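Structure data follow from target20.cif (mmCIF, C-alpha atoms and all ligand atoms):
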```cif
data_run
#
loop_
_atom_site.group_PDB
_atom_site.id
_atom_site.type_symbol
_atom_site.label_atom_id
_atom_site.label_comp_id
_atom_site.auth_asym_id
_atom_site.auth_seq_id
_atom_site.Cartn_x
_atom_site.Cartn_y
_atom_site.Cartn_z
ATOM 1 C CA MET A 719 154.770 -67.690 5.779
ATOM 2 C CA LYS A 720 152.748 -67.767 2.571
ATOM 3 C CA VAL A 721 149.737 -66.381 4.424
ATOM 4 C CA THR A 722 151.824 -63.426 5.660
ATOM 5 C CA VAL A 723 152.993 -62.553 2.155
ATOM 6 C CA VAL A 724 149.467 -62.674 0.762
ATOM 7 C CA LYS A 725 148.231 -60.505 3.646
ATOM 8 C CA ASP A 726 151.014 -57.960 2.980
ATOM 9 C CA ILE A 727 150.040 -57.741 -0.683
ATOM 10 C CA LEU A 728 146.376 -57.227 0.183
ATOM 11 C CA ASP A 729 147.249 -54.586 2.819
ATOM 12 C CA ALA A 730 149.520 -52.734 0.370
ATOM 13 C CA ASN A 731 146.769 -52.768 -2.244
ATOM 14 C CA ARG A 732 144.211 -51.507 0.249
ATOM 15 C CA ARG A 733 146.454 -48.517 1.022
ATOM 16 C CA ILE A 734 146.808 -47.631 -2.672
ATOM 17 C CA ALA A 735 143.076 -48.165 -3.229
ATOM 18 C CA LEU A 736 142.414 -45.752 -0.371
ATOM 19 C CA GLN A 737 144.600 -43.127 -2.052
ATOM 20 C CA ASN A 738 142.667 -43.625 -5.307
ATOM 21 C CA ARG A 739 139.450 -43.296 -3.363
ATOM 22 C CA GLN A 740 140.593 -39.956 -1.933
ATOM 23 C CA VAL A 741 141.200 -38.681 -5.481
ATOM 24 C CA PHE A 742 137.721 -39.849 -6.540
ATOM 25 C CA ASP A 743 136.134 -38.295 -3.455
ATOM 26 C CA ARG A 744 137.764 -34.942 -4.181
ATOM 27 C CA HIS A 745 135.944 -35.003 -7.527
ATOM 28 C CA GLY A 746 132.658 -36.147 -5.973
ATOM 29 C CA LEU A 747 132.933 -38.991 -8.471
ATOM 30 C CA MET A 748 130.929 -42.213 -8.136
ATOM 31 C CA VAL A 749 133.145 -45.213 -8.951
ATOM 32 C CA LEU A 750 131.878 -48.716 -9.640
ATOM 33 C CA ASN A 751 133.893 -51.916 -9.849
ATOM 34 C CA LEU A 752 131.981 -54.143 -12.300
ATOM 35 C CA MET A 753 132.733 -57.852 -11.973
ATOM 36 C CA SER A 754 131.470 -61.042 -13.595
ATOM 37 C CA SER A 755 132.565 -64.280 -15.176
ATOM 38 C CA PRO A 756 133.883 -63.978 -18.759
ATOM 39 C CA GLY A 757 131.160 -63.127 -21.249
ATOM 40 C CA ALA A 758 128.343 -62.430 -18.774
ATOM 41 C CA GLY A 759 127.760 -59.156 -20.654
ATOM 42 C CA LYS A 760 129.706 -56.399 -18.832
ATOM 43 C CA THR A 761 130.750 -54.507 -21.962
ATOM 44 C CA THR A 762 127.305 -54.894 -23.570
ATOM 45 C CA LEU A 763 125.748 -53.477 -20.385
ATOM 46 C CA LEU A 764 128.109 -50.483 -20.468
ATOM 47 C CA GLU A 765 127.586 -49.847 -24.188
ATOM 48 C CA ARG A 766 123.823 -49.652 -23.732
ATOM 49 C CA THR A 767 124.091 -47.578 -20.557
ATOM 50 C CA ILE A 768 126.445 -45.038 -22.182
ATOM 51 C CA ARG A 769 124.123 -44.689 -25.197
ATOM 52 C CA ASP A 770 120.917 -44.453 -23.153
ATOM 53 C CA LEU A 771 122.295 -41.948 -20.615
ATOM 54 C CA ALA A 772 124.129 -39.769 -23.166
ATOM 55 C CA GLY A 773 123.629 -36.100 -22.325
ATOM 56 C CA GLU A 774 122.557 -36.965 -18.769
ATOM 57 C CA ILE A 775 125.399 -38.828 -17.035
ATOM 58 C CA SER A 776 128.903 -38.497 -18.419
ATOM 59 C CA ILE A 777 130.651 -41.874 -18.125
ATOM 60 C CA GLY A 778 134.331 -42.848 -18.226
ATOM 61 C CA VAL A 779 135.404 -46.492 -18.326
ATOM 62 C CA ILE A 780 138.622 -48.248 -17.387
ATOM 63 C CA GLU A 781 138.698 -51.636 -19.065
ATOM 64 C CA GLY A 782 140.622 -54.529 -17.561
ATOM 65 C CA ASP A 783 141.505 -57.477 -19.769
ATOM 66 C CA ILE A 784 144.336 -59.955 -19.856
ATOM 67 C CA GLN A 785 144.979 -58.965 -23.473
ATOM 68 C CA THR A 786 143.557 -56.845 -26.347
ATOM 69 C CA SER A 787 141.888 -53.437 -26.451
ATOM 70 C CA LEU A 788 138.679 -54.831 -27.969
ATOM 71 C CA ASP A 789 136.480 -53.767 -25.049
ATOM 72 C CA SER A 790 137.819 -50.198 -24.786
ATOM 73 C CA GLU A 791 137.283 -49.823 -28.552
ATOM 74 C CA ARG A 792 133.643 -50.912 -28.100
ATOM 75 C CA ILE A 793 133.212 -48.471 -25.213
ATOM 76 C CA GLU A 794 134.716 -45.633 -27.228
ATOM 77 C CA ARG A 795 132.373 -46.372 -30.140
ATOM 78 C CA ALA A 796 129.421 -46.271 -27.722
ATOM 79 C CA GLY A 797 130.334 -42.645 -26.939
ATOM 80 C CA ALA A 798 131.955 -42.787 -23.501
ATOM 81 C CA THR A 799 133.685 -39.604 -22.366
ATOM 82 C CA PHE A 800 136.821 -41.731 -22.169
ATOM 83 C CA ALA A 801 137.776 -45.384 -22.395
ATOM 84 C CA HIS A 802 141.126 -46.514 -21.043
ATOM 85 C CA GLN A 803 142.390 -50.062 -21.515
ATOM 86 C CA ILE A 804 144.569 -51.879 -19.001
ATOM 87 C CA ASN A 805 146.111 -55.188 -20.067
ATOM 88 C CA THR A 806 147.177 -57.379 -17.174
ATOM 89 C CA PHE A 807 149.062 -59.928 -19.333
ATOM 90 C CA GLY A 808 148.069 -62.808 -17.097
ATOM 91 C CA ALA A 809 146.729 -61.342 -13.859
ATOM 92 C CA CYS A 810 143.117 -62.340 -13.276
ATOM 93 C CA HIS A 811 141.971 -59.059 -11.677
ATOM 94 C CA ILE A 812 142.384 -55.284 -11.612
ATOM 95 C CA ASP A 813 143.715 -53.792 -8.374
ATOM 96 C CA GLY A 814 144.389 -50.347 -6.933
ATOM 97 C CA ASN A 815 148.004 -50.375 -8.025
ATOM 98 C CA MET A 816 146.991 -50.754 -11.694
ATOM 99 C CA ILE A 817 144.389 -47.978 -11.495
ATOM 100 C CA SER A 818 146.596 -45.441 -9.721
ATOM 101 C CA PRO A 819 148.811 -44.399 -12.731
ATOM 102 C CA VAL A 820 145.747 -44.144 -14.982
ATOM 103 C CA LEU A 821 144.302 -41.360 -12.832
ATOM 104 C CA ASP A 822 146.904 -38.931 -14.233
ATOM 105 C CA GLN A 823 146.088 -39.923 -17.808
ATOM 106 C CA VAL A 824 142.326 -39.370 -17.823
ATOM 107 C CA ASP A 825 140.214 -36.299 -17.097
ATOM 108 C CA LEU A 826 138.246 -37.194 -13.972
ATOM 109 C CA ALA A 827 136.716 -33.704 -13.880
ATOM 110 C CA SER A 828 134.943 -34.443 -17.187
ATOM 111 C CA ILE A 829 132.822 -37.339 -15.868
ATOM 112 C CA ASP A 830 130.030 -38.041 -13.362
ATOM 113 C CA LEU A 831 130.582 -41.785 -13.180
ATOM 114 C CA LEU A 832 133.668 -43.994 -13.521
ATOM 115 C CA VAL A 833 133.212 -47.701 -14.156
ATOM 116 C CA VAL A 834 136.077 -50.162 -13.884
ATOM 117 C CA GLU A 835 135.207 -53.242 -15.940
ATOM 118 C CA ASN A 836 137.216 -55.896 -14.188
ATOM 119 C CA VAL A 837 138.791 -58.960 -15.804
ATOM 120 C CA GLY A 838 136.157 -61.635 -16.471
ATOM 121 C CA ASN A 839 136.556 -63.988 -13.522
ATOM 122 C CA LEU A 840 134.288 -64.950 -10.616
ATOM 123 C CA VAL A 841 137.151 -65.326 -8.129
ATOM 124 C CA CYS A 842 140.114 -62.880 -7.977
ATOM 125 C CA PRO A 843 138.444 -59.491 -8.689
ATOM 126 C CA ALA A 844 136.379 -59.758 -5.496
ATOM 127 C CA GLU A 845 139.547 -59.924 -3.370
ATOM 128 C CA PHE A 846 140.913 -56.528 -4.411
ATOM 129 C CA GLU A 847 139.795 -52.931 -4.102
ATOM 130 C CA VAL A 848 140.507 -50.317 -6.734
ATOM 131 C CA GLY A 849 139.150 -47.375 -4.703
ATOM 132 C CA GLU A 850 135.539 -47.938 -5.720
ATOM 133 C CA ASP A 851 132.404 -46.839 -3.903
ATOM 134 C CA HIS A 852 130.648 -50.077 -4.792
ATOM 135 C CA LYS A 853 131.305 -53.458 -6.264
ATOM 136 C CA LEU A 854 128.639 -54.785 -8.670
ATOM 137 C CA VAL A 855 128.269 -58.328 -9.891
ATOM 138 C CA LEU A 856 126.720 -59.056 -13.262
ATOM 139 C CA PHE A 857 125.414 -62.592 -13.466
ATOM 140 C CA SER A 858 124.194 -64.294 -16.610
ATOM 141 C CA VAL A 859 121.193 -66.643 -16.328
ATOM 142 C CA THR A 860 123.214 -69.172 -18.356
ATOM 143 C CA GLU A 861 125.723 -69.650 -15.517
ATOM 144 C CA GLY A 862 123.571 -71.814 -13.227
ATOM 145 C CA GLU A 863 121.940 -70.971 -9.917
ATOM 146 C CA ASP A 864 124.607 -72.713 -7.840
ATOM 147 C CA LYS A 865 127.322 -70.134 -8.596
ATOM 148 C CA PRO A 866 126.646 -67.748 -5.662
ATOM 149 C CA HIS A 867 127.213 -70.717 -3.345
ATOM 150 C CA LYS A 868 130.353 -71.869 -5.151
ATOM 151 C CA TYR A 869 131.927 -68.402 -5.527
ATOM 152 C CA PRO A 870 130.446 -66.586 -2.516
ATOM 153 C CA LEU A 871 132.941 -63.745 -2.046
ATOM 154 C CA MET A 872 131.951 -61.847 -5.192
ATOM 155 C CA PHE A 873 128.271 -61.936 -4.196
ATOM 156 C CA ARG A 874 129.061 -61.032 -0.593
ATOM 157 C CA GLU A 875 131.173 -58.041 -1.652
ATOM 158 C CA SER A 876 128.644 -56.652 -4.142
ATOM 159 C CA VAL A 877 125.862 -54.228 -3.198
ATOM 160 C CA LEU A 878 124.014 -54.937 -6.447
ATOM 161 C CA MET A 879 123.575 -58.049 -8.555
ATOM 162 C CA LEU A 880 122.365 -57.561 -12.106
ATOM 163 C CA VAL A 881 120.910 -60.793 -13.468
ATOM 164 C CA ASN A 882 121.561 -60.481 -17.200
ATOM 165 C CA LYS A 883 120.388 -62.233 -20.386
ATOM 166 C CA ILE A 884 116.831 -62.759 -19.122
ATOM 167 C CA ASP A 885 115.786 -62.768 -22.802
ATOM 168 C CA LEU A 886 117.296 -66.289 -22.893
ATOM 169 C CA LEU A 887 115.134 -67.678 -20.062
ATOM 170 C CA PRO A 888 112.574 -69.367 -22.370
ATOM 171 C CA HIS A 889 115.407 -71.522 -23.733
ATOM 172 C CA LEU A 890 116.883 -72.520 -20.380
ATOM 173 C CA ASN A 891 115.987 -74.854 -17.573
ATOM 174 C CA VAL A 892 116.575 -72.273 -14.850
ATOM 175 C CA GLU A 893 114.298 -70.265 -12.549
ATOM 176 C CA LEU A 894 115.065 -66.613 -11.814
ATOM 177 C CA GLU A 895 113.801 -67.138 -8.259
ATOM 178 C CA SER A 896 116.431 -69.834 -7.627
ATOM 179 C CA ILE A 897 119.183 -67.441 -8.733
ATOM 180 C CA HIS A 898 117.792 -64.727 -6.438
ATOM 181 C CA ASP A 899 117.485 -67.162 -3.523
ATOM 182 C CA ALA A 900 121.052 -68.396 -3.922
ATOM 183 C CA ALA A 901 122.445 -64.837 -3.978
ATOM 184 C CA ARG A 902 120.344 -63.807 -0.951
ATOM 185 C CA GLN A 903 121.474 -66.850 1.030
ATOM 186 C CA VAL A 904 125.048 -65.661 0.532
ATOM 187 C CA HIS A 905 124.279 -61.933 0.970
ATOM 188 C CA PRO A 906 120.798 -61.208 2.383
ATOM 189 C CA GLU A 907 121.015 -57.408 1.791
ATOM 190 C CA ILE A 908 122.067 -57.567 -1.852
ATOM 191 C CA THR A 909 119.901 -55.570 -4.264
ATOM 192 C CA ILE A 910 118.879 -57.601 -7.314
ATOM 193 C CA LEU A 911 117.736 -56.330 -10.710
ATOM 194 C CA ASP A 912 116.829 -58.572 -13.652
ATOM 195 C CA ILE A 913 117.896 -57.196 -17.017
ATOM 196 C CA SER A 914 118.703 -57.908 -20.614
ATOM 197 C CA SER A 915 121.586 -55.785 -21.868
ATOM 198 C CA GLN A 916 120.656 -56.958 -25.336
ATOM 199 C CA THR A 917 116.934 -56.103 -25.485
ATOM 200 C CA GLY A 918 117.017 -53.342 -22.850
ATOM 201 C CA GLU A 919 114.398 -55.041 -20.638
ATOM 202 C CA GLY A 920 114.761 -53.977 -16.986
ATOM 203 C CA MET A 921 117.476 -51.415 -17.732
ATOM 204 C CA ASN A 922 115.420 -48.473 -16.432
ATOM 205 C CA GLY A 923 115.698 -49.898 -12.912
ATOM 206 C CA PHE A 924 119.477 -49.932 -13.276
ATOM 207 C CA TYR A 925 119.518 -46.373 -14.610
ATOM 208 C CA ASP A 926 117.464 -45.178 -11.631
ATOM 209 C CA TRP A 927 119.952 -46.894 -9.309
ATOM 210 C CA LEU A 928 122.849 -45.172 -11.115
ATOM 211 C CA ARG A 929 121.151 -41.739 -11.024
ATOM 212 C CA GLU A 930 120.617 -42.056 -7.288
ATOM 213 C CA GLU A 931 124.202 -43.168 -6.566
ATOM 214 C CA VAL A 932 125.753 -40.429 -8.744
ATOM 215 C CA LYS A 933 123.553 -37.830 -7.048
ATOM 216 C CA LYS A 934 124.375 -39.078 -3.524
ATOM 217 C CA LYS A 935 128.118 -38.963 -4.224
ATOM 218 C CA LYS A 936 127.954 -35.434 -5.651
ATOM 219 C CA GLU A 937 125.902 -34.257 -2.667
ATOM 220 C CA ARG A 938 128.379 -35.796 -0.239
ATOM 221 C CA GLY A 939 131.023 -33.462 -1.742
ATOM 222 C CA PRO A 940 134.779 -33.772 -1.348
ATOM 223 C CA ALA A 941 136.008 -35.931 1.568
ATOM 224 C CA GLY A 942 135.931 -34.119 4.867
ATOM 225 C CA GLU A 943 133.229 -31.644 3.865
ATOM 226 C CA SER A 944 130.275 -33.916 4.595
HETATM 227 N N1 LIG B 1001 121.102 -62.978 -25.338
HETATM 228 C C1 LIG B 1001 121.844 -62.066 -24.710
HETATM 229 N N2 LIG B 1001 123.157 -61.969 -25.012
HETATM 230 C C2 LIG B 1001 123.876 -61.025 -24.353
HETATM 231 C C3 LIG B 1001 123.310 -60.167 -23.389
HETATM 232 N N3 LIG B 1001 124.297 -59.370 -22.903
HETATM 233 C C4 LIG B 1001 125.413 -59.721 -23.561
HETATM 234 N N4 LIG B 1001 125.173 -60.709 -24.440
HETATM 235 C C5 LIG B 1001 126.129 -61.382 -25.336
HETATM 236 O O1 LIG B 1001 127.087 -62.050 -24.541
HETATM 237 C C6 LIG B 1001 128.363 -62.055 -25.202
HETATM 238 C C7 LIG B 1001 129.433 -61.522 -24.271
HETATM 239 O O2 LIG B 1001 129.132 -60.148 -23.989
HETATM 240 P P1 LIG B 1001 130.225 -59.121 -23.475
HETATM 241 O O3 LIG B 1001 129.508 -57.866 -23.224
HETATM 242 O O4 LIG B 1001 131.399 -59.098 -24.388
HETATM 243 O O5 LIG B 1001 130.655 -59.814 -22.118
HETATM 244 P P2 LIG B 1001 131.785 -59.382 -21.075
HETATM 245 O O6 LIG B 1001 131.306 -59.747 -19.731
HETATM 246 O O7 LIG B 1001 132.146 -57.967 -21.305
HETATM 247 O O8 LIG B 1001 132.995 -60.314 -21.505
HETATM 248 P P3 LIG B 1001 134.537 -60.244 -21.020
HETATM 249 O O9 LIG B 1001 134.912 -58.796 -20.954
HETATM 250 O O10 LIG B 1001 135.281 -60.987 -22.073
HETATM 251 O O11 LIG B 1001 134.571 -60.913 -19.690
HETATM 252 C C8 LIG B 1001 128.185 -61.213 -26.464
HETATM 253 O O12 LIG B 1001 127.968 -62.087 -27.556
HETATM 254 C C9 LIG B 1001 126.939 -60.389 -26.160
HETATM 255 O O13 LIG B 1001 126.220 -60.007 -27.325
HETATM 256 C C10 LIG B 1001 121.913 -60.292 -23.096
HETATM 257 O O14 LIG B 1001 121.321 -59.597 -22.264
HETATM 258 N N5 LIG B 1001 121.239 -61.267 -23.786
HETATM 259 MG MG MG B 1002 134.008 -57.084 -21.592
#
```
Write out the structure in this file as C-alpha cells.
Ligand SMILES: Nc1nc2c(ncn2[C@@H]2O[C@H](COP(=O)(O)OP(=O)(O)OP(=O)(O)O)[C@@H](O)[C@H]2O)c(=O)[nH]1
Ligand SMILES: [Mg+2]
Amino acid sequence: MKVTVVKDILDANRRIALQNRQVFDRHGLMVLNLMSSPGAGKTTLLERTIRDLAGEISIGVIEGDIQTSLDSERIERAGATFAHQINTFGACHIDGNMISPVLDQVDLASIDLLVVENVGNLVCPAEFEVGEDHKLVLFSVTEGEDKPHKYPLMFRESVLMLVNKIDLLPHLNVELESIHDAARQVHPEITILDISSQTGEGMNGFYDWLREEVKKKKERGPAGES
C-alpha cells in the first residue's frame, strides 16, 4: 500500500515537471537542477559563475532551502537577472510542484539559463524532477570518496559531477582519482570536472560546458520545432 502511494506521488510530480519542462522548452531555456550535500559549495559556485559570465549568459536562480532567504540574497548580490527563494519548511528537496507557481512570478524571457539550487541533501533531491534538462551533482573533496557508493542515485541521475574545493586537497588524506573512480563505478558515462569555486581553478571547463548546453538548447528551439 505504502509503495503505491509513493509511486502515485512520484507520478504526479513527473506530470507537473513535464508541464514545467514544456514552458522551459518554449523559451529555449536551459534548466539545471543543482544538487549536493549541505555546504558543498552550490551557492559559491553560482555566485562566481554569475559574476564571471556577466554580459554573456543571463542567469536566473531559484533557491531551495528549508528556511531563510540567505542564499537568494547572495545570488542577487552576485548580479543574477533574478533570484527567487523557495522555503520548504521541512521538505528535503525541491520538486516540480514547488517550481510550477514560480514560473508566473519570474521573467523567463529575460534569461538564457535557469539554475534550481536544490536543498542541500544527498538523498531526496535525486528522486524528483523539476522540469530540468540536466541534473548536476556538486561534490566536495571533504566528503569522502565512498559517498557515490553510499548515495548512488544522485550520481546516477547526474550528467555532470563537479568536484569542488580542490584547493583543500593538500590538507586532506583523499585522492581525486578515488573520487572519480567511485563516481564512474556508479555512473560510467558521467562527465567529471575538478574545480574550486573559491579560487576559480578549473572553472573555465565548467563555463565551456555551460556555453555549449545553453547554445544547444537555443538551437533546438521550442518543443516540436526540432
Ligand atoms: N575552501 C573552499 N571553500 C569553499 C569552496 N566552495 C565553497 N566553499 C565554502 O564552503 C562553505 C559552504 O558554501 P556554500 O556555497 O554556502 O554551500 P551550499 O552548498 O550552497 O550550502 P547549502 O545551500 O547550505 O546546502 C562556505 O564557507 C564557502 O565559502 C571551495 O572551492 N573551496
Ligand atoms: Mg546554498
Can you turn the PyMOL selection byres (((chain A and resi 922) around 12) and not hetatm) into a concrete residue list for this file, as a PDB file with C-alpha atoms, in the coordinates of the input?
```
ATOM      1  CA  ARG A 766     123.823 -49.652 -23.732  1.00  0.00           C
ATOM      2  CA  THR A 767     124.091 -47.578 -20.557  1.00  0.00           C
ATOM      3  CA  ASP A 770     120.917 -44.453 -23.153  1.00  0.00           C
ATOM      4  CA  LEU A 771     122.295 -41.948 -20.615  1.00  0.00           C
ATOM      5  CA  LEU A 911     117.736 -56.330 -10.710  1.00  0.00           C
ATOM      6  CA  ASP A 912     116.829 -58.572 -13.652  1.00  0.00           C
ATOM      7  CA  ILE A 913     117.896 -57.196 -17.017  1.00  0.00           C
ATOM      8  CA  SER A 914     118.703 -57.908 -20.614  1.00  0.00           C
ATOM      9  CA  SER A 915     121.586 -55.785 -21.868  1.00  0.00           C
ATOM     10  CA  THR A 917     116.934 -56.103 -25.485  1.00  0.00           C
ATOM     11  CA  GLY A 918     117.017 -53.342 -22.850  1.00  0.00           C
ATOM     12  CA  GLU A 919     114.398 -55.041 -20.638  1.00  0.00           C
ATOM     13  CA  GLY A 920     114.761 -53.977 -16.986  1.00  0.00           C
ATOM     14  CA  MET A 921     117.476 -51.415 -17.732  1.00  0.00           C
ATOM     15  CA  GLY A 923     115.698 -49.898 -12.912  1.00  0.00           C
ATOM     16  CA  PHE A 924     119.477 -49.932 -13.276  1.00  0.00           C
ATOM     17  CA  TYR A 925     119.518 -46.373 -14.610  1.00  0.00           C
ATOM     18  CA  ASP A 926     117.464 -45.178 -11.631  1.00  0.00           C
ATOM     19  CA  TRP A 927     119.952 -46.894  -9.309  1.00  0.00           C
ATOM     20  CA  LEU A 928     122.849 -45.172 -11.115  1.00  0.00           C
ATOM     21  CA  ARG A 929     121.151 -41.739 -11.024  1.00  0.00           C
TER      22      ARG A 929
END
```
Rank A:His889, A:Lys935, A:Arg792, A:His867 by their smallest atom-to-atom distance to Arg902 (chain A), using only C-alpha atoms, and report the top residue only.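 Smallest separation from Arg902 (chain A) among the options: A:His867.
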Within 9 Å of ligand LIG 1001 (chain B), which residues of chain A come that close, and what is the closest atom pair and distance in Å for each? Count all atoms listed in the file and give it as a tab-separated table.
```
residue	atom	partner	partner_atom	distance
A:Met753	CA	B:LIG1001	O6	8.1
A:Ser754	CA	B:LIG1001	O6	6.3
A:Ser755	CA	B:LIG1001	O11	6.0
A:Pro756	CA	B:LIG1001	O11	3.3
A:Gly757	CA	B:LIG1001	O8	3.4
A:Ala758	CA	B:LIG1001	O6	4.1
A:Gly759	CA	B:LIG1001	O5	3.3
A:Lys760	CA	B:LIG1001	O7	3.8
A:Thr761	CA	B:LIG1001	O7	3.8
A:Thr762	CA	B:LIG1001	O3	3.7
A:Leu763	CA	B:LIG1001	O3	6.4
A:Leu764	CA	B:LIG1001	O3	8.0
A:Glu765	CA	B:LIG1001	O3	8.3
A:Glu781	CA	B:LIG1001	O9	8.3
A:Gly782	CA	B:LIG1001	O9	7.9
A:Asp783	CA	B:LIG1001	O9	6.8
A:Leu788	CA	B:LIG1001	O9	8.9
A:Asp789	CA	B:LIG1001	O9	6.7
A:Glu835	CA	B:LIG1001	O9	7.5
A:Asn836	CA	B:LIG1001	O9	7.7
A:Val837	CA	B:LIG1001	O11	6.1
A:Gly838	CA	B:LIG1001	O11	3.7
A:Asn839	CA	B:LIG1001	O11	7.2
A:Leu856	CA	B:LIG1001	O6	8.0
A:Ser858	CA	B:LIG1001	O14	7.9
A:Val881	CA	B:LIG1001	O14	8.9
A:Asn882	CA	B:LIG1001	O14	5.1
A:Lys883	CA	B:LIG1001	O14	3.4
A:Ile884	CA	B:LIG1001	O14	6.3
A:Asp885	CA	B:LIG1001	N5	5.7
A:Leu886	CA	B:LIG1001	N1	5.6
A:Ile913	CA	B:LIG1001	O14	6.7
A:Ser914	CA	B:LIG1001	O14	3.5
A:Ser915	CA	B:LIG1001	O14	3.8
A:Gln916	CA	B:LIG1001	O14	4.1
A:Thr917	CA	B:LIG1001	O14	6.5
A:Gly918	CA	B:LIG1001	O14	7.6
A:Glu919	CA	B:LIG1001	O14	8.4
```
Using all atoms listed in the file, pick whichever of A:Gln903, A:Ser828, A:Thr806, A:Ser876 has the shortest atom-to-atom distance to Asp864 (chain A).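 Result for the nearest residue to Asp864 (chain A): A:Gln903.
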Enclose the full set of atoms of region 837-853 of chain A listed in the file within a box whose edges lie along x, y and z, apply 3 Å of padding to each of the six sides, and report centre and edge lengths in Å to one decimal as lines of an AutoDock Vina configuration file.
```
center_x = 135.8
center_y = -56.1
center_z = -9.9
size_x = 16.3
size_y = 24.5
size_z = 19.1
```
Specify as a list in words each residue included when the PyMOL selection byres (((chain A and resi 811) around 6) and not hetatm) is applied to this file.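 This file gives the following for the PyMOL selection byres (((chain A and resi 811) around 6) and not hetatm): Ala809, Cys810, Ile812, Val837, Cys842 and Pro843 of chain A.
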List the spatial neighbours of Leu854 (chain A) as a PyMOL selection string - criterion: any atom at most 7 Å away, all atoms listed in the file, same-chain residues fewer than 6 positions off excluded. chain A and resi 750-753+876-879
If the PyMOL selection byres (((chain A and resi 844-847) around 7) and not hetatm) were run on this exact file, what residues would it hold? Put them as a PyMOL selection string. chain A and resi 732+735+813-814+841-843+848-850+871-872+875
Can you spit out the residues from that selection as a PDB file, in the frame of the given file, using C-alpha atoms?
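File written: again.pdb
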```pdb
ATOM      1  CA  ARG A 732     144.211 -51.507   0.249  1.00  0.00           C
ATOM      2  CA  ALA A 735     143.076 -48.165  -3.229  1.00  0.00           C
ATOM      3  CA  ASP A 813     143.715 -53.792  -8.374  1.00  0.00           C
ATOM      4  CA  GLY A 814     144.389 -50.347  -6.933  1.00  0.00           C
ATOM      5  CA  VAL A 841     137.151 -65.326  -8.129  1.00  0.00           C
ATOM      6  CA  CYS A 842     140.114 -62.880  -7.977  1.00  0.00           C
ATOM      7  CA  PRO A 843     138.444 -59.491  -8.689  1.00  0.00           C
ATOM      8  CA  VAL A 848     140.507 -50.317  -6.734  1.00  0.00           C
ATOM      9  CA  GLY A 849     139.150 -47.375  -4.703  1.00  0.00           C
ATOM     10  CA  GLU A 850     135.539 -47.938  -5.720  1.00  0.00           C
ATOM     11  CA  LEU A 871     132.941 -63.745  -2.046  1.00  0.00           C
ATOM     12  CA  MET A 872     131.951 -61.847  -5.192  1.00  0.00           C
ATOM     13  CA  GLU A 875     131.173 -58.041  -1.652  1.00  0.00           C
TER      14      GLU A 875
END
```
At what distance in Å, to one decimal, does CA of Ser896 (chain A) lie from CA of Glu863 (chain A)? 6.1 Å
Using all atoms listed in the file, which protein or nucleic acid residues come within 7 Å of Met748 (chain A)? Drop anything in the same chain fewer than 6 positions from it, and give the result as a list in words.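 Those residues are Asp830, Leu831, Leu832, Asp851, Glu931, Val932 and Lys935 of chain A.
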With distances taken over all atoms listed in the file, which residue among A:Leu887, A:Val833, A:Met816, A:Leu736 lies nearest ligand MG 1002 (chain B)? A:Val833
